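Asks: Once you've had a glance at the structure underneath, I'll fire off some questions.
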Amino acid sequence: MRRKTEDQLAKFAFGDLTAEEASSLQASLQDDAEANRTLDMYSRMKVELQSLCTDVPEDQLSKERLREAILTRGLKEHRAEPARPNWLWMPAAAAVLAFGVVFAKGKLQENPSTSPMVVDNSKPRLELPSDIRIVRPPVSEKVASTARTPLIVNTPPMTVAVNTDRGSRNLRSGTDDLEDRRPDEFSSVKGIPRLMAFEAPQSDHDMALSGQPVIFESKKESAPSRPQPSSLDQPAIVVIQSETDADTGALKATEVRNTANVVVGG
Amino acid sequence: MAASGTLSAIGPSLTGRMELDTDVALVRRARNGDFSAFETLFERYRTLVFRFAYQMVPRRDDAEDIVQEAFVRAYQNLDKYRDEAKFTTWLLRIVTNLCTDQARMSNRRQALEQQEATGALVWMTVGDWDDPVQNLEADRRKQALRRALAALPIHHRTVIILRDIEEREYTDISQILGCTIGGAKLRVLRARRALKDRIAPLLGDDKP
């Protein structure tokens, strides 16, 4: 039997059809034995279900029992509520925190005086031994307002070729073979190591500091006795070699009094 | 004319009292802290709710626990009750949810299914094979029907009881179940089909 037909029979048995629908269905059932059997089944099921309505025992509920249950449950509910965390404040707190971070970040970027030193991590880093300290030479009044600004080191390293075997010499007035060579060719010359040096960018701020290099001074050599460059005319340059010291493990460094005998190339 | 005269003779005091005794008025008083109003609602509908709960879980202790829990929850959530819906509809919805939760947590339905299957087998073997229906006593038939009803899935059992035993209107059923009227009618059809398949052997479907 089709399900739709069976549903119609069930509706007819339980009185869910209108009068017109019921009469038309009844007319179609005259010659259908299976449909009549199904209709009879549903009608008996309806009678049996309605008999269950009267087959209900008396309850033993009472108002006092209800009142007691409400009072007990009511107290528990009130006590439980404060323990629940209120999650509504979390999105608001997250929004305030994010705004604060963005605002602070923007403030920091606007004011470079408070910017931390930017270090270009892609460049080779110099690891100083513990007995080396950094001494900054005094700056002029032009840069007094930015005196507290740490040196920004983010320039590409420059290759400084120095003939360490022959000592300091004026390479500009050197032999023809040296003059004609590019700085990067010096590294291929036997005995001349390839050196690395860092210099600040040539900005307005840095122009005032040009010639005011960072001096790496050994603690063992008493600092006061060591002559400090006190003017812009005679800057001191510390040339850092790629070789390491066998004793300390740090990169070797050589101090050069003037730049006359230093050739810097890219 | 006579009716209006009668009403005027009754006076405003009695009509006012009648307005105060409506479900909506009692709920409002209960919200404002008048617990006696809620007790009036309890006395008014406890039998109806217990009868429905007993049909759902045919054990008196369980039905009483469900009814009490339903009224406790109703009292705690009186502020959520909307006046446009009938109080009984709202109450029966709470009972339905409680019975559904209980059915999901317990495995009693599986045990009842096994009992029902065993019981049906016993009844089919007892008495005269030619006319088994006449050999069944009325109370045993009721028990068989109850077991078949209890073995139905909770969603089928609910609509069968609401429509075919408690004779609720489809609008009430749709509000209790939280569905459309058409959806309620469809659920009732499916439940009747499922119950018929279960009790057909008991009602002599295999008659020639």
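Note on naming: chains are A, B, ... as they come in the structure tokens, residues start from 1 per chain, ligands start from 1 in the order shown.
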Name all residues at most 6 Å from segment 60-74 of chain B (count only C-alpha atoms; drop same-chain ones fewer than 6 positions away) and give them as a PyMOL selection string.
Replies: (chain A and resi 70) or (chain B and resi 50+53-54+94-95)
Asks: Would you write out those residues with N, CA and C atoms, as a PDB file, in the first residue's frame?
Replies:
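Final output, again_29.pdb:
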ATOM      1  N   ILE A  70      11.352  24.250  45.815  1.00  0.00           N
ATOM      2  CA  ILE A  70      11.665  25.557  45.239  1.00  0.00           C
ATOM      3  C   ILE A  70      12.638  26.316  46.126  1.00  0.00           C
TER       4      ILE A  70
ATOM      5  N   PHE B  50       0.711  15.653  35.520  1.00  0.00           N
ATOM      6  CA  PHE B  50       1.093  14.320  35.989  1.00  0.00           C
ATOM      7  C   PHE B  50       0.603  13.253  35.018  1.00  0.00           C
ATOM      8  N   ALA B  53       2.962  13.236  32.143  1.00  0.00           N
ATOM      9  CA  ALA B  53       4.259  12.684  32.535  1.00  0.00           C
ATOM     10  C   ALA B  53       4.174  11.174  32.747  1.00  0.00           C
ATOM     11  N   TYR B  54       3.068  10.722  33.319  1.00  0.00           N
ATOM     12  CA  TYR B  54       2.911   9.281  33.547  1.00  0.00           C
ATOM     13  C   TYR B  54       2.823   8.521  32.229  1.00  0.00           C
ATOM     14  N   ILE B  94       8.028  22.190  29.137  1.00  0.00           N
ATOM     15  CA  ILE B  94       9.053  21.886  30.133  1.00  0.00           C
ATOM     16  C   ILE B  94       9.057  20.400  30.438  1.00  0.00           C
ATOM     17  N   VAL B  95       7.882  19.814  30.603  1.00  0.00           N
ATOM     18  CA  VAL B  95       7.801  18.382  30.901  1.00  0.00           C
ATOM     19  C   VAL B  95       8.363  17.565  29.742  1.00  0.00           C
TER      20      VAL B  95
END
Asks: Please return, as JSON, numbers by chain, all residues of chain B lying within 10 Å of chain A when only C-alpha atoms are considered.
Replies: {"B": [35, 36, 38, 39, 40, 42, 43, 46, 47, 50, 51, 52, 54, 55, 58, 59, 60, 61, 63, 64, 65, 67, 68, 69, 71, 72, 73, 75, 76, 138, 139, 141, 142, 143, 145, 146, 149, 160, 161, 163, 164, 165, 166, 167, 185, 186, 188, 189, 190, 192, 193, 195, 196, 199, 200, 203, 204, 205, 207, 208]}
Asks: Which of these residues is nearest to Pro153 of chain B, using only C-alpha atoms: B:Thr100, B:Leu202, B:Tyr170, B:Asp83?
Replies: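 Answer, going by the shortest atom-to-atom distance: B:Thr100.
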Asks: Between atom CA of Ser174 of chain B and atom CA of His155 of chain B, what is the distance, to one decimal in Å?
Replies: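 Those two atoms sit 12.7 Å apart.
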Asks: Can you tell me how far atom CA of Ala37 of chain B sits from atom CA of Ala85 of chain B, in Å to one decimal?
Replies: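 For atom CA of Ala37 of chain B relative to atom CA of Ala85 of chain B, the distance reads 18.3 Å.
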